[in-house]
>>> print(open('my_file-v2.txt').read())   # compact mmCIF, C-alpha atoms
# COMPACT_ATOMS: atom_id res chain seq x y z
CA MET A 153 -131.03 -58.71 39.76
CA ILE A 154 -133.89 -57.69 37.54
CA ARG A 155 -137.34 -58.98 38.40
CA GLU A 156 -140.90 -58.34 37.31
CA LEU A 157 -142.86 -55.47 38.76
CA SER A 158 -145.43 -56.99 41.12
CA SER A 159 -148.33 -55.76 43.19
CA GLY A 160 -146.02 -56.04 46.20
CA ASP A 161 -143.93 -53.23 44.76
CA ILE A 162 -146.97 -51.00 44.49
CA VAL A 163 -147.80 -51.72 48.13
CA TYR A 164 -144.18 -50.90 49.01
CA LEU A 165 -144.55 -47.51 47.33
CA VAL A 166 -147.80 -46.75 49.14
CA VAL A 167 -146.16 -47.70 52.44
CA ALA A 168 -143.08 -45.58 51.61
CA ALA A 169 -145.41 -42.60 51.14
CA ARG A 170 -145.87 -42.55 54.93
CA TRP A 171 -142.35 -41.09 55.17
CA THR A 172 -143.35 -38.38 52.72
CA VAL A 173 -146.35 -37.54 54.88
CA LEU A 174 -144.39 -37.78 58.16
CA LEU A 175 -141.62 -35.57 56.82
CA ALA A 176 -144.15 -32.99 55.62
CA LEU A 177 -145.80 -33.08 59.06
CA ALA A 178 -142.45 -32.69 60.84
CA ALA A 179 -141.56 -29.73 58.61
CA MET A 180 -145.01 -28.29 59.24
CA ALA A 181 -144.56 -28.49 63.00
CA GLY A 182 -140.96 -27.23 63.06
CA GLY A 183 -141.50 -24.68 60.31
CA GLY A 184 -144.78 -23.54 61.84
CA ALA A 185 -143.19 -22.84 65.23
CA LEU A 186 -140.23 -20.97 63.75
CA GLY A 187 -142.47 -19.28 61.17
CA LEU A 188 -144.54 -17.83 63.99
CA VAL A 189 -141.37 -16.35 65.51
CA ILE A 190 -140.42 -14.89 62.12
CA ALA A 191 -143.88 -13.40 61.57
CA VAL A 192 -143.70 -11.77 65.01
CA CYS A 193 -140.14 -10.49 64.33
CA ARG A 194 -141.43 -8.91 61.11
CA VAL A 195 -144.30 -7.00 62.73
CA VAL A 196 -142.87 -5.82 66.07
CA SER A 197 -141.70 -2.21 66.09
CA PHE A 198 -138.01 -2.95 66.64
CA ARG A 199 -135.90 -2.43 63.53
CA PRO A 200 -133.03 -4.91 64.14
CA LEU A 201 -135.54 -7.77 64.58
CA ASN A 202 -137.35 -6.69 61.39
CA TRP A 203 -134.07 -6.73 59.45
CA LEU A 204 -133.09 -10.10 60.87
CA ALA A 205 -136.41 -11.63 59.79
CA ILE A 206 -136.25 -10.00 56.33
CA GLY A 207 -132.68 -11.24 55.88
CA TYR A 208 -133.66 -14.77 56.86
CA VAL A 209 -136.64 -14.84 54.50
CA ASN A 210 -134.55 -13.49 51.60
CA LEU A 211 -131.81 -16.01 52.27
CA ILE A 212 -134.21 -18.97 52.25
CA GLN A 213 -136.42 -17.77 49.41
CA GLY A 214 -133.39 -16.81 47.33
CA THR A 215 -131.61 -20.16 47.40
CA PRO A 216 -132.72 -23.53 46.03
CA LEU A 217 -134.11 -26.01 48.56
CA LEU A 218 -131.77 -28.59 47.10
CA GLY A 219 -128.80 -26.39 48.05
CA GLN A 220 -130.18 -25.97 51.57
CA LEU A 221 -130.53 -29.74 51.91
CA PHE A 222 -126.96 -30.39 50.78
CA VAL A 223 -125.51 -27.65 52.99
CA PHE A 224 -127.32 -29.20 55.95
CA PHE A 225 -126.41 -32.74 55.09
CA PHE A 226 -122.71 -31.93 54.71
CA GLY A 227 -122.60 -29.03 57.16
CA LEU A 228 -124.06 -30.45 60.36
CA PRO A 229 -121.39 -33.18 60.77
CA LEU A 230 -118.76 -30.41 60.70
CA PHE A 231 -120.27 -29.10 63.92
CA GLY A 232 -119.96 -32.54 65.43
CA ILE A 233 -123.62 -33.33 64.92
CA GLN A 234 -123.97 -36.76 63.38
CA VAL A 235 -126.96 -36.65 61.08
CA ASP A 236 -128.84 -39.34 59.35
CA PRO A 237 -130.70 -38.16 56.25
CA TRP A 238 -134.00 -38.07 58.21
CA VAL A 239 -132.69 -35.45 60.67
CA ALA A 240 -130.99 -33.39 57.96
CA ALA A 241 -134.13 -33.51 55.83
CA ALA A 242 -136.51 -32.62 58.68
CA LEU A 243 -134.28 -29.75 59.87
CA ALA A 244 -133.65 -28.28 56.42
CA LEU A 245 -137.30 -28.53 55.42
CA SER A 246 -138.38 -26.93 58.71
CA LEU A 247 -136.04 -23.98 58.23
CA HIS A 248 -137.23 -23.73 54.61
CA ALA A 249 -140.91 -23.84 55.54
CA ALA A 250 -140.42 -21.31 58.35
CA ALA A 251 -139.51 -18.55 55.87
CA PHE A 252 -142.67 -19.20 53.84
CA PHE A 253 -144.99 -19.59 56.84
CA GLY A 254 -143.48 -16.44 58.34
CA GLU A 255 -144.28 -14.43 55.21
CA ILE A 256 -147.79 -15.87 54.85
CA TRP A 257 -148.67 -15.11 58.46
CA ARG A 258 -147.09 -11.66 58.44
CA GLY A 259 -149.19 -10.84 55.40
CA SER A 260 -152.32 -12.12 57.12
CA LEU A 261 -151.62 -10.14 60.29
CA GLN A 262 -150.92 -6.96 58.36
CA SER A 263 -153.99 -7.34 56.15
CA VAL A 264 -156.18 -6.81 59.20
CA SER A 265 -156.86 -3.07 58.97
CA ALA A 266 -155.20 -0.79 61.51
CA ARG A 267 -158.68 0.61 62.22
CA GLN A 268 -159.60 -2.70 63.82
CA TRP A 269 -156.78 -2.16 66.32
CA GLU A 270 -157.90 1.41 66.91
CA ALA A 271 -161.55 0.47 67.28
CA ALA A 272 -160.67 -2.24 69.80
CA ALA A 273 -158.49 0.22 71.72
CA ALA A 274 -161.29 2.78 71.68
CA LEU A 275 -163.60 0.17 73.20
CA GLY A 276 -161.14 -0.08 76.07
CA LEU A 277 -159.75 -3.55 75.37
CA PRO A 278 -156.23 -4.16 76.70
CA TYR A 279 -153.53 -5.13 74.17
CA HIS A 280 -153.77 -8.91 74.62
CA GLN A 281 -157.54 -8.86 74.22
CA ARG A 282 -157.26 -6.65 71.14
CA LEU A 283 -154.95 -9.30 69.72
CA THR A 284 -156.84 -12.45 70.75
CA HIS A 285 -160.44 -11.24 70.38
CA VAL A 286 -160.24 -8.82 67.45
CA VAL A 287 -157.18 -9.19 65.26
CA LEU A 288 -156.20 -12.86 65.44
CA PRO A 289 -159.64 -14.29 64.57
CA GLN A 290 -159.64 -12.21 61.38
CA ALA A 291 -155.98 -12.90 60.56
CA ILE A 292 -156.39 -16.66 61.00
CA ARG A 293 -159.36 -16.66 58.65
CA ILE A 294 -157.20 -14.97 56.00
CA ALA A 295 -154.19 -17.20 56.68
CA ILE A 296 -155.76 -20.66 56.45
CA PRO A 297 -156.12 -21.05 52.65
CA PRO A 298 -152.54 -19.99 51.77
CA THR A 299 -151.20 -22.07 54.68
CA VAL A 300 -152.90 -25.22 53.37
CA GLY A 301 -151.69 -24.25 49.89
CA PHE A 302 -148.12 -24.12 51.12
CA LEU A 303 -148.53 -27.51 52.83
CA MET A 304 -149.22 -28.92 49.37
CA GLN A 305 -145.97 -27.35 48.20
CA LEU A 306 -144.21 -28.86 51.21
CA VAL A 307 -145.43 -32.38 50.34
CA LYS A 308 -143.98 -31.94 46.84
CA ASP A 309 -140.75 -30.51 48.25
CA THR A 310 -140.14 -33.61 50.37
CA SER A 311 -139.34 -35.41 47.09
CA LEU A 312 -136.00 -33.56 46.95
CA THR A 313 -134.84 -35.31 50.13
CA ALA A 314 -134.53 -38.43 47.96
CA LEU A 315 -131.40 -36.81 46.53
CA ILE A 316 -129.64 -36.80 49.93
CA GLY A 317 -130.62 -40.43 50.38
CA PHE A 318 -133.70 -40.22 52.56
CA VAL A 319 -136.00 -43.10 51.65
CA GLU A 320 -139.42 -41.58 51.06
CA LEU A 321 -141.77 -42.03 48.13
CA THR A 322 -139.42 -40.75 45.39
CA ARG A 323 -136.34 -42.60 46.67
CA ALA A 324 -138.43 -45.77 47.08
CA SER A 325 -139.52 -45.36 43.45
CA GLN A 326 -135.89 -45.07 42.36
CA ILE A 327 -135.08 -48.28 44.22
CA ILE A 328 -138.02 -50.24 42.77
CA SER A 329 -137.37 -48.81 39.33
CA ALA A 330 -133.75 -49.98 39.46
CA ALA A 331 -134.78 -53.47 40.59
CA THR A 332 -137.62 -54.01 38.11
CA PHE A 333 -136.44 -51.85 35.24
CA ALA A 334 -140.00 -50.59 34.79
CA PRO A 335 -139.54 -46.84 35.33
CA LEU A 336 -142.75 -45.68 33.66
CA PRO A 337 -145.24 -47.63 35.81
CA VAL A 338 -143.17 -47.08 38.97
CA TYR A 339 -142.79 -43.28 38.63
CA GLY A 340 -146.34 -43.13 37.32
CA THR A 341 -147.56 -44.77 40.53
CA ALA A 342 -145.48 -42.36 42.61
CA ALA A 343 -147.01 -39.44 40.70
CA VAL A 344 -150.51 -40.79 41.39
CA ILE A 345 -149.78 -41.09 45.12
CA TYR A 346 -148.44 -37.51 45.26
CA PHE A 347 -151.46 -36.39 43.27
CA VAL A 348 -153.88 -37.99 45.74
CA ILE A 349 -152.17 -36.31 48.72
CA CYS A 350 -151.81 -32.87 47.11
CA PHE A 351 -155.17 -32.83 45.39
CA SER A 352 -156.94 -33.64 48.67
CA LEU A 353 -155.07 -30.75 50.30
CA SER A 354 -156.03 -28.34 47.52
CA ARG A 355 -159.70 -29.41 47.76
CA LEU A 356 -159.48 -28.89 51.52
CA SER A 357 -158.06 -25.42 50.94
CA LEU A 358 -160.92 -24.57 48.54
CA ARG A 359 -163.52 -25.82 51.01
CA LEU A 360 -161.99 -23.86 53.88
CA GLU A 361 -161.87 -20.79 51.67
CA ARG A 362 -165.59 -21.07 50.87
CA ARG A 363 -166.59 -21.85 54.44
CA LEU A 364 -164.55 -19.06 55.98
CA HIS A 365 -165.75 -16.63 53.37
CA ALA A 366 -169.38 -17.52 54.12
CA ALA A 367 -168.75 -16.97 57.82
CA ARG A 368 -168.13 -13.26 57.26
CA MET B 17 -115.30 -27.85 66.15
CA SER B 18 -112.10 -28.94 64.51
CA TYR B 19 -112.96 -28.49 60.86
CA ASN B 20 -110.91 -26.05 58.79
CA PHE B 21 -113.03 -24.34 56.21
CA ARG B 22 -111.10 -24.00 53.01
CA PHE B 23 -113.07 -22.00 50.52
CA ASN B 24 -109.87 -21.06 48.69
CA ALA B 25 -109.59 -24.70 47.58
CA LEU B 26 -112.40 -23.81 45.16
CA TRP B 27 -110.47 -20.94 43.55
CA PRO B 28 -109.23 -23.00 40.55
CA TYR B 29 -112.85 -23.77 39.64
CA VAL B 30 -114.07 -20.23 39.00
CA ASP B 31 -114.41 -20.98 35.28
CA GLU B 32 -116.65 -23.97 36.03
CA ILE B 33 -118.83 -21.83 38.29
CA VAL B 34 -119.17 -19.07 35.69
CA GLU B 35 -120.03 -21.68 33.07
CA GLY B 36 -122.63 -23.16 35.43
CA VAL B 37 -124.20 -19.74 36.03
CA LEU B 38 -124.47 -19.12 32.27
CA LEU B 39 -125.97 -22.58 31.65
CA THR B 40 -128.51 -22.07 34.44
CA LEU B 41 -129.49 -18.65 33.06
CA GLN B 42 -129.80 -20.09 29.56
CA LEU B 43 -131.93 -22.99 30.79
CA SER B 44 -134.16 -20.72 32.90
CA VAL B 45 -134.77 -18.17 30.15
CA THR B 46 -135.43 -20.81 27.46
CA THR B 47 -137.86 -22.80 29.62
CA MET B 48 -139.62 -19.63 30.75
CA LEU B 49 -140.24 -18.61 27.12
CA VAL B 50 -141.48 -22.08 26.15
CA GLY B 51 -143.51 -22.17 29.37
CA LEU B 52 -145.14 -18.84 28.50
CA ALA B 53 -146.07 -20.15 25.05
CA ILE B 54 -147.61 -23.29 26.62
CA GLY B 55 -149.24 -21.08 29.24
CA LEU B 56 -150.94 -18.97 26.59
CA PHE B 57 -152.62 -22.08 25.14
CA VAL B 58 -153.49 -23.27 28.66
CA ALA B 59 -155.08 -19.92 29.54
CA LEU B 60 -157.07 -19.83 26.30
CA GLY B 61 -158.05 -23.51 26.70
CA SER B 62 -159.12 -23.06 30.33
CA THR B 63 -161.56 -20.31 29.36
CA SER B 64 -162.89 -22.14 26.30
CA PRO B 65 -166.67 -22.69 26.20
CA LEU B 66 -166.04 -26.21 24.82
CA ALA B 67 -165.77 -28.85 27.54
CA ALA B 68 -163.81 -31.07 25.14
CA VAL B 69 -161.07 -28.40 25.10
CA ARG B 70 -161.37 -27.36 28.74
CA ALA B 71 -161.22 -30.84 30.30
CA PRO B 72 -157.82 -32.00 28.95
CA VAL B 73 -156.27 -28.58 29.63
CA ARG B 74 -157.50 -28.58 33.23
CA ALA B 75 -156.32 -32.19 33.64
CA TYR B 76 -152.85 -31.14 32.48
CA VAL B 77 -152.73 -28.21 34.91
CA GLU B 78 -153.93 -30.28 37.87
CA ALA B 79 -151.60 -33.19 37.05
CA ILE B 80 -148.56 -30.89 36.94
CA ARG B 81 -149.44 -28.76 39.94
CA ASN B 82 -150.15 -31.72 42.22
CA THR B 83 -146.99 -33.75 41.55
CA PRO B 84 -143.34 -32.91 42.31
CA LEU B 85 -141.07 -31.64 39.54
CA LEU B 86 -138.53 -34.35 40.41
CA VAL B 87 -141.04 -37.13 39.62
CA GLN B 88 -142.06 -35.38 36.38
CA LEU B 89 -138.39 -35.18 35.47
CA PHE B 90 -137.87 -38.90 36.18
CA ILE B 91 -140.90 -39.81 34.07
CA VAL B 92 -139.53 -37.84 31.12
CA PHE B 93 -135.92 -38.99 31.47
CA PHE B 94 -136.27 -42.58 32.73
CA GLY B 95 -139.85 -43.39 31.74
CA LEU B 96 -140.10 -42.21 28.13
CA PRO B 97 -137.24 -44.41 26.82
CA SER B 98 -139.41 -47.46 27.53
CA LEU B 99 -141.83 -45.98 24.97
CA GLY B 100 -138.95 -45.61 22.55
CA ILE B 101 -138.39 -41.89 23.17
CA ARG B 102 -134.79 -41.48 24.22
CA LEU B 103 -133.64 -37.99 25.21
CA ASP B 104 -130.30 -36.75 26.43
CA ALA B 105 -130.26 -35.30 29.95
CA ASN B 106 -130.19 -31.64 28.92
CA LEU B 107 -133.09 -31.98 26.49
CA ALA B 108 -135.11 -34.04 28.99
CA ALA B 109 -134.47 -31.36 31.61
CA MET B 110 -135.63 -28.63 29.27
CA ILE B 111 -138.78 -30.52 28.27
CA ALA B 112 -139.73 -31.45 31.85
CA LEU B 113 -139.13 -27.91 33.13
CA SER B 114 -141.11 -26.36 30.25
CA ILE B 115 -144.06 -28.68 30.78
CA ASN B 116 -143.92 -27.88 34.50
CA VAL B 117 -143.67 -24.11 34.24
CA GLY B 118 -146.24 -24.05 31.41
CA ALA B 119 -148.96 -25.14 33.82
CA TYR B 120 -148.07 -22.43 36.35
CA CYS B 121 -147.76 -19.72 33.66
CA GLY B 122 -151.14 -20.82 32.30
CA GLU B 123 -152.77 -20.14 35.65
CA ILE B 124 -151.12 -16.72 35.92
CA LEU B 125 -152.12 -15.70 32.37
CA ARG B 126 -155.67 -16.93 32.96
CA ALA B 127 -155.90 -14.70 36.02
CA GLY B 128 -154.62 -11.83 33.84
CA PHE B 129 -157.30 -12.40 31.21
CA GLU B 130 -159.98 -12.65 33.85
CA SER B 131 -158.88 -9.38 35.46
CA ILE B 132 -160.11 -7.48 32.37
CA ARG B 133 -163.87 -6.93 32.37
CA THR B 134 -165.82 -6.52 29.14
CA SER B 135 -167.37 -3.37 30.59
CA GLN B 136 -163.88 -1.81 30.58
CA VAL B 137 -163.51 -2.53 26.88
CA GLU B 138 -166.98 -1.09 26.21
CA ALA B 139 -166.08 2.01 28.22
CA GLY B 140 -162.89 2.43 26.18
CA ARG B 141 -164.84 2.15 22.92
CA ALA B 142 -167.51 4.56 24.19
CA LEU B 143 -164.80 7.12 24.92
CA GLY B 144 -163.87 7.03 21.25
CA LEU B 145 -160.71 4.92 21.38
CA THR B 146 -160.06 2.79 18.32
CA ALA B 147 -160.07 -1.00 18.67
CA GLY B 148 -156.27 -0.97 18.63
CA GLN B 149 -156.01 1.76 21.27
CA THR B 150 -158.57 -0.03 23.44
CA PHE B 151 -156.57 -3.24 23.25
CA ARG B 152 -153.30 -1.48 24.04
CA HIS B 153 -154.38 0.87 26.83
CA VAL B 154 -157.42 -0.85 28.34
CA VAL B 155 -156.66 -4.55 27.90
CA LEU B 156 -152.95 -5.21 27.43
CA PHE B 157 -151.32 -2.64 29.71
CA PRO B 158 -153.44 -3.30 32.83
CA ALA B 159 -153.36 -7.07 32.24
CA VAL B 160 -149.58 -7.14 31.98
CA LYS B 161 -149.33 -4.90 35.02
CA ALA B 162 -151.60 -7.28 36.95
CA ILE B 163 -149.63 -10.43 36.11
CA TYR B 164 -146.13 -8.91 36.15
CA PRO B 165 -145.40 -9.60 39.85
CA ALA B 166 -146.63 -13.20 39.64
CA LEU B 167 -144.76 -13.90 36.40
CA THR B 168 -141.47 -12.51 37.67
CA SER B 169 -141.65 -14.45 40.92
CA GLN B 170 -142.48 -17.53 38.85
CA PHE B 171 -139.26 -16.91 36.94
CA VAL B 172 -137.25 -16.71 40.17
CA LEU B 173 -138.89 -19.94 41.38
CA LEU B 174 -138.00 -21.55 38.05
CA LEU B 175 -134.40 -20.37 38.37
CA LEU B 176 -134.19 -22.10 41.75
CA ALA B 177 -136.06 -25.18 40.52
CA THR B 178 -133.57 -25.75 37.68
CA SER B 179 -131.13 -27.01 40.35
CA VAL B 180 -133.22 -30.20 40.50
CA VAL B 181 -132.25 -31.26 36.97
CA SER B 182 -128.69 -31.90 38.15
CA SER B 183 -130.11 -35.16 39.54
CA ILE B 184 -130.40 -36.63 36.04
CA GLY B 185 -126.98 -35.30 35.07
CA ALA B 186 -128.06 -32.25 33.09
CA THR B 187 -125.30 -29.64 33.07
CA GLU B 188 -126.13 -26.47 34.97
CA LEU B 189 -124.90 -24.66 38.08
CA PHE B 190 -125.83 -27.26 40.70
CA HIS B 191 -124.21 -29.97 38.61
CA GLN B 192 -120.98 -27.98 38.90
CA ALA B 193 -121.18 -28.22 42.70
CA ALA B 194 -121.10 -32.01 42.48
CA PHE B 195 -118.24 -31.79 40.00
CA ILE B 196 -116.14 -29.48 42.19
CA ASP B 197 -116.99 -31.62 45.23
CA SER B 198 -115.72 -34.73 43.43
CA ARG B 199 -112.44 -32.98 42.57
CA THR B 200 -111.73 -31.23 45.87
CA TYR B 201 -113.57 -33.40 48.47
CA ARG B 202 -114.75 -30.08 49.93
CA SER B 203 -118.46 -30.95 49.98
CA PHE B 204 -119.63 -28.33 52.42
CA GLU B 205 -117.67 -25.52 50.78
CA SER B 206 -118.74 -26.52 47.26
CA TYR B 207 -122.44 -26.66 48.02
CA THR B 208 -122.37 -23.51 50.17
CA LEU B 209 -120.62 -21.54 47.44
CA ILE B 210 -122.99 -22.75 44.71
CA THR B 211 -126.02 -22.04 46.92
CA ALA B 212 -124.65 -18.53 47.49
CA ALA B 213 -124.29 -18.10 43.72
CA TYR B 214 -128.03 -18.79 43.38
CA LEU B 215 -128.71 -16.17 46.04
CA VAL B 216 -126.73 -13.58 44.08
CA MET B 217 -128.68 -14.44 40.92
CA THR B 218 -132.12 -14.29 42.56
CA LEU B 219 -131.38 -11.02 44.36
CA GLY B 220 -130.06 -9.59 41.09
CA PHE B 221 -133.17 -10.62 39.18
CA ARG B 222 -135.51 -9.34 41.89
CA ALA B 223 -133.77 -5.93 41.76
CA LEU B 224 -133.92 -5.94 37.94
CA PHE B 225 -137.63 -6.84 37.89
CA ALA B 226 -138.45 -4.21 40.50
CA GLY B 227 -136.53 -1.63 38.44
CA VAL B 228 -138.40 -2.56 35.25
CA TYR B 229 -141.72 -2.43 37.09
CA TRP B 230 -140.93 1.07 38.32
CA LEU B 231 -139.83 2.27 34.86
CA VAL B 232 -142.76 0.79 32.97
CA PHE B 233 -145.67 0.89 35.37
CA VAL B 234 -144.96 3.50 38.03
CA ARG B 235 -143.03 6.28 36.35
CA ARG B 236 -145.07 6.27 33.14
CA GLN B 237 -148.41 5.79 34.85
CA PRO B 238 -151.06 7.00 32.38
CA ALA B 239 -152.90 9.92 33.95
>>> encode(input="my_file-v2.txt", output="structure tokens")
Amino acid sequence: MIRELSSGDIVYLVVAARWTVLLALAAMAGGGALGLVIAVCRVVSFRPLNWLAIGYVNLIQGTPLLGQLFVFFFGLPLFGIQVDPWVAAALALSLHAAAFFGEIWRGSLQSVSARQWEAAAALGLPYHQRLTHVVLPQAIRIAIPPTVGFLMQLVKDTSLTALIGFVELTRASQIISAATFAPLPVYGTAAVIYFVICFSLSRLSLRLERRLHAAR
Amino acid sequence: MSYNFRFNALWPYVDEIVEGVLLTLQLSVTTMLVGLAIGLFVALGSTSPLAAVRAPVRAYVEAIRNTPLLVQLFIVFFGLPSLGIRLDANLAAMIALSINVGAYCGEILRAGFESIRTSQVEAGRALGLTAGQTFRHVVLFPAVKAIYPALTSQFVLLLLATSVVSSIGATELFHQAAFIDSRTYRSFESYTLITAAYLVMTLGFRALFAGVYWLVFVRRQPA
């Protein structure tokens, strides 16, 4: 049944955006935890772990997210795990994000000069203090802007979960668009909502960049 | 686990997969070229002293970079017909992808332009190079070298992003996965195989780009 586009539909879209945000947050938490493991596997001096992490990152960064989502959506039930689109989406996005977080954080860790390690060792600090008092504070400062930048990417990536049937902002737009037959205003509204979320994140990233730079 | 994986059920569809790979390559290369052309205007517009030129260009870049490609694609394919512009799926896909990648290329090219200082050009001229030699050796070569890694990874990202256009029914590699799935009912196998095909393409391109970088910028490093 075709009906007029009403203000209620716009409210529905804004409310549906909470799933976009929640999914991005879930992927951030899951991907962040696994990304930390990957970053550590990349920097420890144990070759097999390095190779494993490099292989994982290449696999994820070399395949389309859409493919990863479909493989998860169709693959998990084969292992007897019944998945609703929410679980498949959150898992696939977490594994996806982990590869990117892992690379960002490895880069940040390695950009702290080896002399900092040596200087801290020369001052007699034990390994864990070298890490927590000398290297990590500098690495975190370097890592924050690209991490927030990737979060923005993650928010946009959640839109692909609409294609495996997860009802977030983009899927909600498809539904409203089909009911009202007003695709331009509906997708336009969706674009504006994404813009507001992503643009705020990019401003946040810029502000953090300036503040952390000034703190040097 | 009681599922029998049957990848050999996909054997009869090799032709479809090859066709999909070629279509994806064609789409990626075409949109990258159009995107570079758009990007050149974006980079020039972003550095323009005129606010009337700068403002719309920056608005375009921010609008594209802060919204998902899928929504941009839906606006072009489903939204434009209500304004009387009706496009077939493949053309809509090409237009949406070009507009998208144009904004990203613009940012990369702008960074390339900004990496060249006027003092470098003046130094080149002072050393007695002609205007043409200065442009070639002092401006173009270092600028291209500076943006080469970003541009090539943008191309790989674009290659992966083209999979999204299957959602409006444009014909490319990911579309073939849905087709093979509908014929064989082997969903997991179809999507895994197609995803692996993308992996082969991206690893191939990364190796190619690294090889070209070595040949052009490392081996023939001007002394």
>>> interface_residues(input="my_file-v2.txt", of="chain A", to="chain B", cutoff="6 Å", atoms="only C-alpha atoms", output="PyMOL selection string")
chain A and resi 214-216+219+223+226-227+231+308+335-336+343+346-347+350
>>> closest_residue(input="my_file-v2.txt", among="B:Met48, B:Leu26, B:Val137, B:Ala186", to="Tyr201 (chain B)", atoms="all atoms listed in the file")
B:Leu26
>>> atom_distance(input="my_file-v2.txt", atom1="CA of Arg362 (chain A)", atom2="CA of Val173 (chain A)")
25.6 Å
>>> atom_distance(input="my_file-v2.txt", atom1="CA of Thr63 (chain B)", atom2="CA of Ala166 (chain B)")
19.5 Å
>>> atom_distance(input="my_file-v2.txt", atom1="CA of Leu221 (chain A)", atom2="CA of Gly51 (chain B)")
27.1 Å
>>> residues_near_point(input="my_file-v2.txt", point="(-157.2, -26.8, 29.9)", cutoff="8 Å", atoms="only C-alpha atoms", output="list in words")
Val58, Ala59, Leu60, Gly61, Ser62, Thr63, Val69, Arg70, Ala71, Pro72, Val73, Arg74, Ala75, Tyr76 and Val77 of chain B
>>> closest_residue(input="my_file-v2.txt", among="B:Leu145, B:Leu189, B:Val232, B:Met110", to="Phe157 (chain B)", atoms="all atoms listed in the file")
B:Val232
>>> residues_around(input="my_file-v2.txt", residues="Val166 (chain A)", least_positions_apart="2", cutoff="9 Å", atoms="all atoms listed in the file", output="count of residues only")
11
>>> residues_around(input="my_file-v2.txt", residues="Gly254 (chain A)", least_positions_apart="6", cutoff="10 Å", atoms="only C-alpha atoms", output="PyMOL selection string")
chain A and resi 183-194+205-206+209+260
